[in-house]
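**Q** Provided below: structure13.cif, containing mmCIF, C-alpha atoms and all ligand atoms.
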data_my_file
#
loop_
_atom_site.label_atom_id
_atom_site.label_comp_id
_atom_site.auth_asym_id
_atom_site.auth_seq_id
_atom_site.Cartn_x
_atom_site.Cartn_y
_atom_site.Cartn_z
CA MET O 234 20.07 0.12 -0.49
CA ILE O 235 19.79 2.33 -3.54
CA GLU O 236 20.01 5.96 -2.42
CA ASN O 237 18.16 7.57 -5.31
CA PHE O 238 14.44 7.18 -5.92
CA GLU O 239 14.58 7.39 -9.71
CA GLU O 240 17.45 4.93 -9.83
CA LEU O 241 15.44 2.51 -7.68
CA LYS O 242 12.43 2.92 -9.96
CA ALA O 243 14.53 2.28 -13.06
CA GLN O 244 15.83 -0.94 -11.52
CA VAL O 245 12.36 -2.15 -10.49
CA LEU O 246 10.97 -1.47 -13.98
CA GLU O 247 13.50 -3.99 -15.33
CA CYS O 248 12.96 -6.61 -12.63
CA GLN O 249 12.82 -10.30 -13.51
CA ALA O 250 13.27 -11.70 -10.01
CA CYS O 251 10.05 -13.77 -10.04
CA LYS O 252 7.66 -15.30 -12.55
CA LEU O 253 5.20 -12.40 -12.38
CA CYS O 254 7.50 -10.56 -14.81
CA GLN O 255 6.40 -12.99 -17.54
CA THR O 256 2.72 -12.04 -17.42
CA ARG O 257 2.85 -8.33 -16.53
CA THR O 258 2.00 -5.50 -18.90
CA ASN O 259 3.56 -2.84 -16.65
CA VAL O 260 5.51 -2.82 -13.43
CA VAL O 261 3.54 -0.82 -10.84
CA PHE O 262 6.28 0.89 -8.85
CA GLY O 263 4.16 3.31 -6.82
CA VAL O 264 2.68 6.78 -6.95
CA GLY O 265 2.69 9.92 -4.86
CA ASN O 266 5.01 12.25 -3.02
CA PRO O 267 8.37 10.61 -2.24
CA HIS O 268 8.66 13.00 0.75
CA ALA O 269 5.29 11.99 2.22
CA ASP O 270 4.80 11.45 5.96
CA VAL O 271 2.26 8.72 5.30
CA MET O 272 2.60 5.70 3.07
CA PHE O 273 -0.20 3.31 2.04
CA ILE O 274 0.70 -0.24 1.08
CA GLY O 275 -1.64 -2.56 -0.81
CA GLU O 276 -1.27 -6.10 -1.98
CA GLY O 277 -0.44 -6.06 -5.66
CA PRO O 278 -1.63 -4.64 -8.97
CA GLY O 279 -4.93 -5.80 -10.44
CA GLU O 280 -5.90 -5.69 -14.10
CA ASN O 281 -6.36 -1.92 -14.38
CA GLU O 282 -3.17 -1.22 -12.45
CA ASP O 283 -1.22 -3.62 -14.67
CA LEU O 284 -2.56 -1.85 -17.77
CA GLN O 285 -1.91 1.68 -16.49
CA GLY O 286 1.23 1.16 -14.40
CA GLU O 287 -0.26 2.93 -11.35
CA PRO O 288 -1.57 1.49 -8.07
CA PHE O 289 -5.26 1.60 -7.17
CA VAL O 290 -6.75 3.02 -10.36
CA GLY O 291 -9.83 0.76 -10.58
CA ARG O 292 -13.06 0.92 -8.57
CA GLY O 293 -11.18 0.23 -5.35
CA GLY O 294 -8.84 3.08 -6.16
CA GLN O 295 -11.74 5.47 -6.63
CA LEU O 296 -13.05 4.52 -3.20
CA LEU O 297 -9.57 4.94 -1.73
CA ASP O 298 -9.22 8.40 -3.29
CA LYS O 299 -12.62 9.44 -1.87
CA MET O 300 -11.65 8.26 1.62
CA LEU O 301 -8.31 10.05 1.36
CA GLN O 302 -10.04 13.23 0.27
CA HIS O 303 -12.25 13.01 3.37
CA ILE O 304 -9.15 13.46 5.54
CA ASN O 305 -7.40 15.95 3.27
CA LEU O 306 -4.93 13.55 1.75
CA SER O 307 -4.30 12.82 -1.90
CA ARG O 308 -1.89 10.79 -3.99
CA GLN O 309 -1.08 13.94 -5.99
CA GLU O 310 0.12 15.84 -2.93
CA ASN O 311 0.90 14.35 0.42
CA ILE O 312 0.99 10.55 0.51
CA TYR O 313 2.77 7.73 -1.26
CA ILE O 314 1.05 4.51 -2.39
CA ALA O 315 2.84 1.25 -3.15
CA ASN O 316 2.14 -2.47 -3.12
CA MET O 317 3.71 -5.58 -1.60
CA VAL O 318 4.39 -6.89 -5.11
CA LYS O 319 4.97 -4.64 -8.09
CA CYS O 320 3.60 -6.96 -10.79
CA ARG O 321 0.09 -8.35 -11.19
CA PRO O 322 -0.54 -11.85 -9.89
CA PRO O 323 -2.56 -13.59 -12.66
CA LYS O 324 -6.35 -13.65 -12.10
CA ASN O 325 -5.83 -11.44 -9.03
CA ARG O 326 -4.77 -14.36 -6.85
CA ASP O 327 -2.86 -13.57 -3.65
CA PRO O 328 0.86 -13.11 -4.28
CA GLU O 329 2.84 -16.23 -3.37
CA LYS O 330 5.44 -16.21 -0.59
CA GLU O 331 8.30 -16.42 -3.11
CA GLU O 332 6.87 -13.50 -5.05
CA VAL O 333 6.56 -11.36 -1.91
CA ASN O 334 10.09 -12.39 -0.88
CA ALA O 335 11.46 -11.53 -4.33
CA CYS O 336 9.85 -8.06 -4.17
CA ILE O 337 10.07 -7.04 -0.49
CA GLY O 338 13.55 -5.53 -0.88
CA TYR O 339 12.14 -2.93 -3.29
CA LEU O 340 9.43 -1.97 -0.79
CA ARG O 341 12.03 -1.78 1.99
CA ASN O 342 14.13 0.48 -0.22
CA GLN O 343 11.09 2.68 -0.92
CA VAL O 344 10.36 2.96 2.82
CA TYR O 345 14.06 3.70 3.47
CA LEU O 346 14.04 6.58 0.97
CA ILE O 347 10.58 7.99 1.80
CA ARG O 348 11.06 7.66 5.58
CA PRO O 349 7.31 7.80 6.35
CA LYS O 350 6.19 8.47 9.93
CA ILE O 351 3.08 6.33 9.44
CA ILE O 352 2.44 3.28 7.25
CA VAL O 353 -1.14 2.16 6.54
CA CYS O 354 -1.53 -1.44 5.39
CA LEU O 355 -4.50 -1.90 3.07
CA GLY O 356 -5.80 -5.39 3.72
CA ARG O 357 -4.65 -8.68 5.16
CA VAL O 358 -1.73 -9.44 2.87
CA ALA O 359 0.11 -6.20 3.65
CA ALA O 360 -0.85 -6.18 7.35
CA CYS O 361 0.22 -9.80 7.90
CA SER O 362 3.53 -9.24 6.08
CA LEU O 363 4.39 -5.90 7.66
CA ILE O 364 2.70 -5.70 11.08
CA ASP O 365 2.19 -9.21 12.43
CA SER O 366 1.74 -12.56 10.68
CA ASN O 367 -1.36 -13.17 12.83
CA PHE O 368 -2.92 -9.78 12.13
CA LYS O 369 -6.72 -9.95 11.97
CA VAL O 370 -8.07 -7.00 10.00
CA THR O 371 -11.62 -7.40 11.34
CA LYS O 372 -10.38 -7.22 14.94
CA GLN O 373 -7.30 -5.00 14.80
CA HIS O 374 -8.13 -2.47 12.10
CA GLY O 375 -7.50 1.12 13.15
CA GLU O 376 -5.01 0.24 15.91
CA PHE O 377 -1.56 1.79 15.77
CA PHE O 378 1.54 -0.32 16.36
CA GLU O 379 5.08 1.03 16.53
CA LYS O 380 7.72 -0.90 14.58
CA ASN O 381 11.28 0.36 14.17
CA GLY O 382 10.19 3.90 14.97
CA VAL O 383 7.36 3.89 12.40
CA LEU O 384 3.67 3.83 13.34
CA MET O 385 1.81 1.11 11.50
CA MET O 386 -1.92 0.65 11.08
CA GLY O 387 -3.94 -1.96 9.21
CA THR O 388 -7.34 -1.35 7.69
CA PHE O 389 -9.70 -2.93 5.19
CA HIS O 390 -8.64 -3.36 1.59
CA PRO O 391 -10.74 -1.10 -0.69
CA ALA O 392 -11.84 -4.15 -2.76
CA SER O 393 -13.02 -5.79 0.45
CA MET O 394 -15.03 -2.68 1.37
CA LEU O 395 -16.64 -2.77 -2.08
CA ARG O 396 -17.62 -6.41 -1.57
CA ASN O 397 -18.75 -5.83 2.03
CA PRO O 398 -20.30 -2.36 2.25
CA MET O 399 -20.72 -2.78 6.03
CA GLN O 400 -16.94 -2.37 6.27
CA LYS O 401 -17.01 1.08 4.66
CA PRO O 402 -17.92 3.14 7.74
CA LEU O 403 -15.39 1.14 9.79
CA GLY O 404 -12.71 1.85 7.20
CA LEU O 405 -13.64 5.52 7.15
CA ASP O 406 -13.34 5.62 10.96
CA ASP O 407 -9.81 4.25 10.57
CA PHE O 408 -8.97 7.04 8.15
CA VAL O 409 -10.32 9.59 10.64
CA LYS O 410 -8.10 7.98 13.31
CA LEU O 411 -5.19 8.37 10.92
CA ARG O 412 -5.96 12.08 10.51
CA GLU O 413 -6.20 12.49 14.30
CA LYS O 414 -2.87 10.71 14.73
CA MET O 415 -1.28 12.94 12.09
CA ASP O 416 -2.69 16.05 13.77
CA SER O 417 -1.39 14.91 17.17
CA LEU O 418 2.08 14.51 15.65
CA GLY O 419 1.93 17.86 13.87
CA LEU O 420 2.02 16.19 10.43
N1 LIG G 1 -5.27 -3.87 -5.12
C1 LIG G 1 -4.09 -3.67 -4.51
O1 LIG G 1 -3.80 -4.23 -3.48
N2 LIG G 1 -3.26 -2.82 -5.08
C2 LIG G 1 -3.53 -2.15 -6.20
O2 LIG G 1 -2.70 -1.39 -6.66
C3 LIG G 1 -4.77 -2.39 -6.81
C4 LIG G 1 -5.63 -3.25 -6.26
#
Can you give me the file's structure in the form of structure tokens?
Ligand code: URA
**A**
Amino acid sequence: MIENFEELKAQVLECQACKLCQTRTNVVFGVGNPHADVMFIGEGPGENEDLQGEPFVGRGGQLLDKMLQHINLSRQENIYIANMVKCRPPKNRDPEKEEVNACIGYLRNQVYLIRPKIIVCLGRVAACSLIDSNFKVTKQHGEFFEKNGVLMMGTFHPASMLRNPMQKPLGLDDFVKLREKMDSLGL
């Protein structure tokens, strides 16, 4: 493991471990407070994220920021946001297994350095990779699972909530549960 956050970032920005490096504009390392108690993990950069080098900056990101604000969290202050893969899969397809495998060490290193108490998986790809390969977002969203001393929760991906507005109140409930969990832990 790399012990220094900036050193890790510098290495990731140069990465050529999978074919996504050939089509990326920017590596999207992550954003937020590296001392955060809560970490959010999405799937991978989309077009806007690839262009700007920051996770969740499109319409989904605006929704995410609004939901975070509702529970007094923000990427500028008290959370960290990263993705399963750091480079955009072309045409926003799901990242392939080899791409996730090539990138997962960077995410592990981020988690190792940030040491979050709670990890929120945004959508199926992150939840199935990090919580349980059979995770069903529609059934298990908002539930907390403990893994290696870290509480993990899966909820709807912001893009999914935009496509299916009925999911929005359910997602917001999950964020409220997150706030309650944080309060109960004194975070
Ligand atoms: N979708 C994701 O999963 N991550 C982003 O950063 C943007 C869109």
**Q** When you look at Val261 in chain O with a cut-off of 7 Å (counting only C-alpha atoms), what residues show up, excluding the ones that are within fewer than 2 positions of it in the same chain? I need them as a PyMOL selection string.
**A** chain O and resi 259+263+278+282-283+286-288+319-320
**Q** Please find the residues contacting ligand LIG 1 (chain G) at a distance of at most 8 Å between atoms, with only C-alpha atoms and all ligand atoms counted, and report them as JSON, numbers by chain.
**A** {"O": [261, 274, 275, 276, 277, 278, 279, 281, 282, 287, 288, 289, 290, 291, 293, 294, 315, 316, 317, 355, 356, 390, 391, 392]}
**Q** Quick check, in Å to one decimal: how far apart do CA of Gly382 in chain O and CA of Leu405 in chain O lie?
**A**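 CA of Leu405 in chain O lies at a distance of 25.1 Å from CA of Gly382 in chain O.
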**Q** Using only C-alpha atoms, which of the listed residues (O:Leu403, O:Leu395, O:Ile314, O:Val409) sits closest to Met272 in chain O?
**A**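 Under the stated criterion, the closest residue is O:Ile314.
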**Q** Distance CA of Leu411 in chain O-CA of Arg348 in chain O, one decimal place?
**A**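 We find that CA of Leu411 in chain O and CA of Arg348 in chain O lie 17.1 Å from each other.
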**Q** Select, from O:Gln249, O:Lys369, O:Val358, O:Pro349, the residue with the minimum atom-to-atom distance to Asn381 in chain O, counting all atoms listed in the file.
**A**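 Ranked by minimum distance to Asn381 in chain O, first place goes to O:Pro349.
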**Q** Near Glu280 in chain O, within 9 Å and counting all atoms listed in the file, which residues show up once chain neighbours fewer than 5 positions away are dropped, as a ChimeraX atom specification?
**A** /O:285,291,321,323-325
**Q** Mind giving me the straight-line distance from CA of Leu363 in chain O to CA of Leu420 in chain O in Å, one decimal?
**A**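 These atoms are spaced 22.4 Å apart.
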**Q** O:Val260, O:Leu241, O:Leu296, O:Val353: which is nearest Arg412 in chain O, counting all atoms listed in the file?
**A** O:Val353
**Q** For Val333 in chain O, find every residue with an atom within 9 Å (counting all atoms listed in the file), except residues of its own chain fewer than 3 positions away, and show them as a JSON list (two decimals) with C-alpha atoms, keeping the file's coordinate frame.
**A**
[["chain", "number", "residue", "atom", "x", "y", "z"],
["O", 317, "MET", "CA", 3.71, -5.58, -1.60],
["O", 318, "VAL", "CA", 4.39, -6.89, -5.11],
["O", 328, "PRO", "CA", 0.86, -13.11, -4.28],
["O", 329, "GLU", "CA", 2.84, -16.23, -3.37],
["O", 330, "LYS", "CA", 5.44, -16.21, -0.59],
["O", 336, "CYS", "CA", 9.85, -8.06, -4.17],
["O", 337, "ILE", "CA", 10.07, -7.04, -0.49],
["O", 362, "SER", "CA", 3.53, -9.24, 6.08]]
**Q** Taking into account only C-alpha atoms, which residue in the set O:Asp270, O:Glu413, O:Asp298, O:Asp406 is nearest to Val383 in chain O?
**A** O:Asp270
**Q** Residues of range 304-360 of chain O that approach range 364-367 of chain O to 9 Å or less, counting only C-alpha atoms: could you list each one with the shortest pair of atoms and its distance in Å to one decimal, rows by chain and increasing residue number, as a tab-separated table?
**A**
residue	atom	partner	partner_atom	distance
O:Cys354	CA	O:Ile364	CA	8.3
O:Ala359	CA	O:Ile364	CA	7.9
O:Ala360	CA	O:Ile364	CA	5.2
**Q** Which polymer residues have any atom within 8 Å of an atom of range 308-312 of chain O, counting all atoms listed in the file, with same-chain residues fewer than 6 positions away left out, as number ranges by chain?
**A** O: 264-273, 298
**Q** Kindly indicate which residue among O:Phe377, O:Tyr313, O:Met415, O:Thr371 lies nearest to Met399 in chain O, using only C-alpha atoms for the distances.
**A**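 Going through O:Phe377, O:Tyr313, O:Met415, O:Thr371 one by one, the smallest distance to Met399 in chain O is for O:Thr371.
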**Q** I'd like to know which of O:Met385, O:Leu346, O:Ile352, O:Ala250 is closest to Met234 in chain O, using all atoms listed in the file.
**A**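 Closest to Met234 in chain O of all the choices is O:Leu346.
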**Q** Complete the atom set of range 298-317 of chain O to N, CA, C and O atoms and return it as a tab-separated table (two decimals), in the frame of the given file.
**A**
chain	number	residue	atom	x	y	z
O	298	ASP	N	-9.41	6.96	-3.08
O	298	ASP	CA	-9.22	8.40	-3.29
O	298	ASP	C	-10.28	9.22	-2.56
O	298	ASP	O	-9.99	10.28	-2.00
O	299	LYS	N	-11.54	8.72	-2.55
O	299	LYS	CA	-12.62	9.44	-1.87
O	299	LYS	C	-12.37	9.47	-0.36
O	299	LYS	O	-12.57	10.48	0.31
O	300	MET	N	-11.92	8.33	0.18
O	300	MET	CA	-11.65	8.26	1.62
O	300	MET	C	-10.46	9.15	1.99
O	300	MET	O	-10.45	9.78	3.05
O	301	LEU	N	-9.47	9.18	1.12
O	301	LEU	CA	-8.31	10.05	1.36
O	301	LEU	C	-8.74	11.52	1.35
O	301	LEU	O	-8.33	12.30	2.22
O	302	GLN	N	-9.58	11.84	0.38
O	302	GLN	CA	-10.04	13.23	0.27
O	302	GLN	C	-10.76	13.67	1.55
O	302	GLN	O	-10.61	14.80	1.99
O	303	HIS	N	-11.51	12.74	2.14
O	303	HIS	CA	-12.25	13.01	3.37
O	303	HIS	C	-11.34	13.50	4.50
O	303	HIS	O	-11.75	14.23	5.38
O	304	ILE	N	-10.09	13.04	4.48
O	304	ILE	CA	-9.15	13.46	5.54
O	304	ILE	C	-8.02	14.33	4.97
O	304	ILE	O	-6.92	14.40	5.52
O	305	ASN	N	-8.34	14.99	3.86
O	305	ASN	CA	-7.40	15.95	3.27
O	305	ASN	C	-6.07	15.35	2.83
O	305	ASN	O	-5.02	15.98	3.00
O	306	LEU	N	-6.14	14.15	2.31
O	306	LEU	CA	-4.93	13.55	1.75
O	306	LEU	C	-5.20	13.24	0.28
O	306	LEU	O	-6.35	13.01	-0.11
O	307	SER	N	-4.15	13.24	-0.51
O	307	SER	CA	-4.30	12.82	-1.90
O	307	SER	C	-2.98	12.31	-2.44
O	307	SER	O	-1.90	12.73	-2.01
O	308	ARG	N	-3.09	11.38	-3.40
O	308	ARG	CA	-1.89	10.79	-3.99
O	308	ARG	C	-1.11	11.83	-4.80
O	308	ARG	O	0.06	11.65	-5.06
O	309	GLN	N	-1.79	12.90	-5.22
O	309	GLN	CA	-1.08	13.94	-5.99
O	309	GLN	C	-0.24	14.82	-5.09
O	309	GLN	O	0.66	15.52	-5.56
O	310	GLU	N	-0.55	14.85	-3.78
O	310	GLU	CA	0.12	15.84	-2.93
O	310	GLU	C	0.93	15.27	-1.78
O	310	GLU	O	2.12	15.51	-1.68
O	311	ASN	N	0.27	14.54	-0.88
O	311	ASN	CA	0.90	14.35	0.42
O	311	ASN	C	0.98	12.91	0.94
O	311	ASN	O	1.19	12.70	2.13
O	312	ILE	N	0.79	11.94	0.08
O	312	ILE	CA	0.99	10.55	0.51
O	312	ILE	C	1.76	9.81	-0.59
O	312	ILE	O	1.89	10.31	-1.71
O	313	TYR	N	2.20	8.61	-0.24
O	313	TYR	CA	2.77	7.73	-1.26
O	313	TYR	C	2.05	6.39	-1.19
O	313	TYR	O	1.73	5.92	-0.09
O	314	ILE	N	1.75	5.79	-2.34
O	314	ILE	CA	1.05	4.51	-2.39
O	314	ILE	C	1.91	3.49	-3.13
O	314	ILE	O	2.39	3.77	-4.24
O	315	ALA	N	2.10	2.33	-2.50
O	315	ALA	CA	2.84	1.25	-3.15
O	315	ALA	C	2.16	-0.08	-2.82
O	315	ALA	O	1.17	-0.11	-2.09
O	316	ASN	N	2.69	-1.15	-3.36
O	316	ASN	CA	2.14	-2.47	-3.12
O	316	ASN	C	3.22	-3.42	-2.63
O	316	ASN	O	4.40	-3.19	-2.83
O	317	MET	N	2.77	-4.53	-2.02
O	317	MET	CA	3.71	-5.58	-1.60
O	317	MET	C	4.46	-6.15	-2.80
O	317	MET	O	5.66	-6.39	-2.73
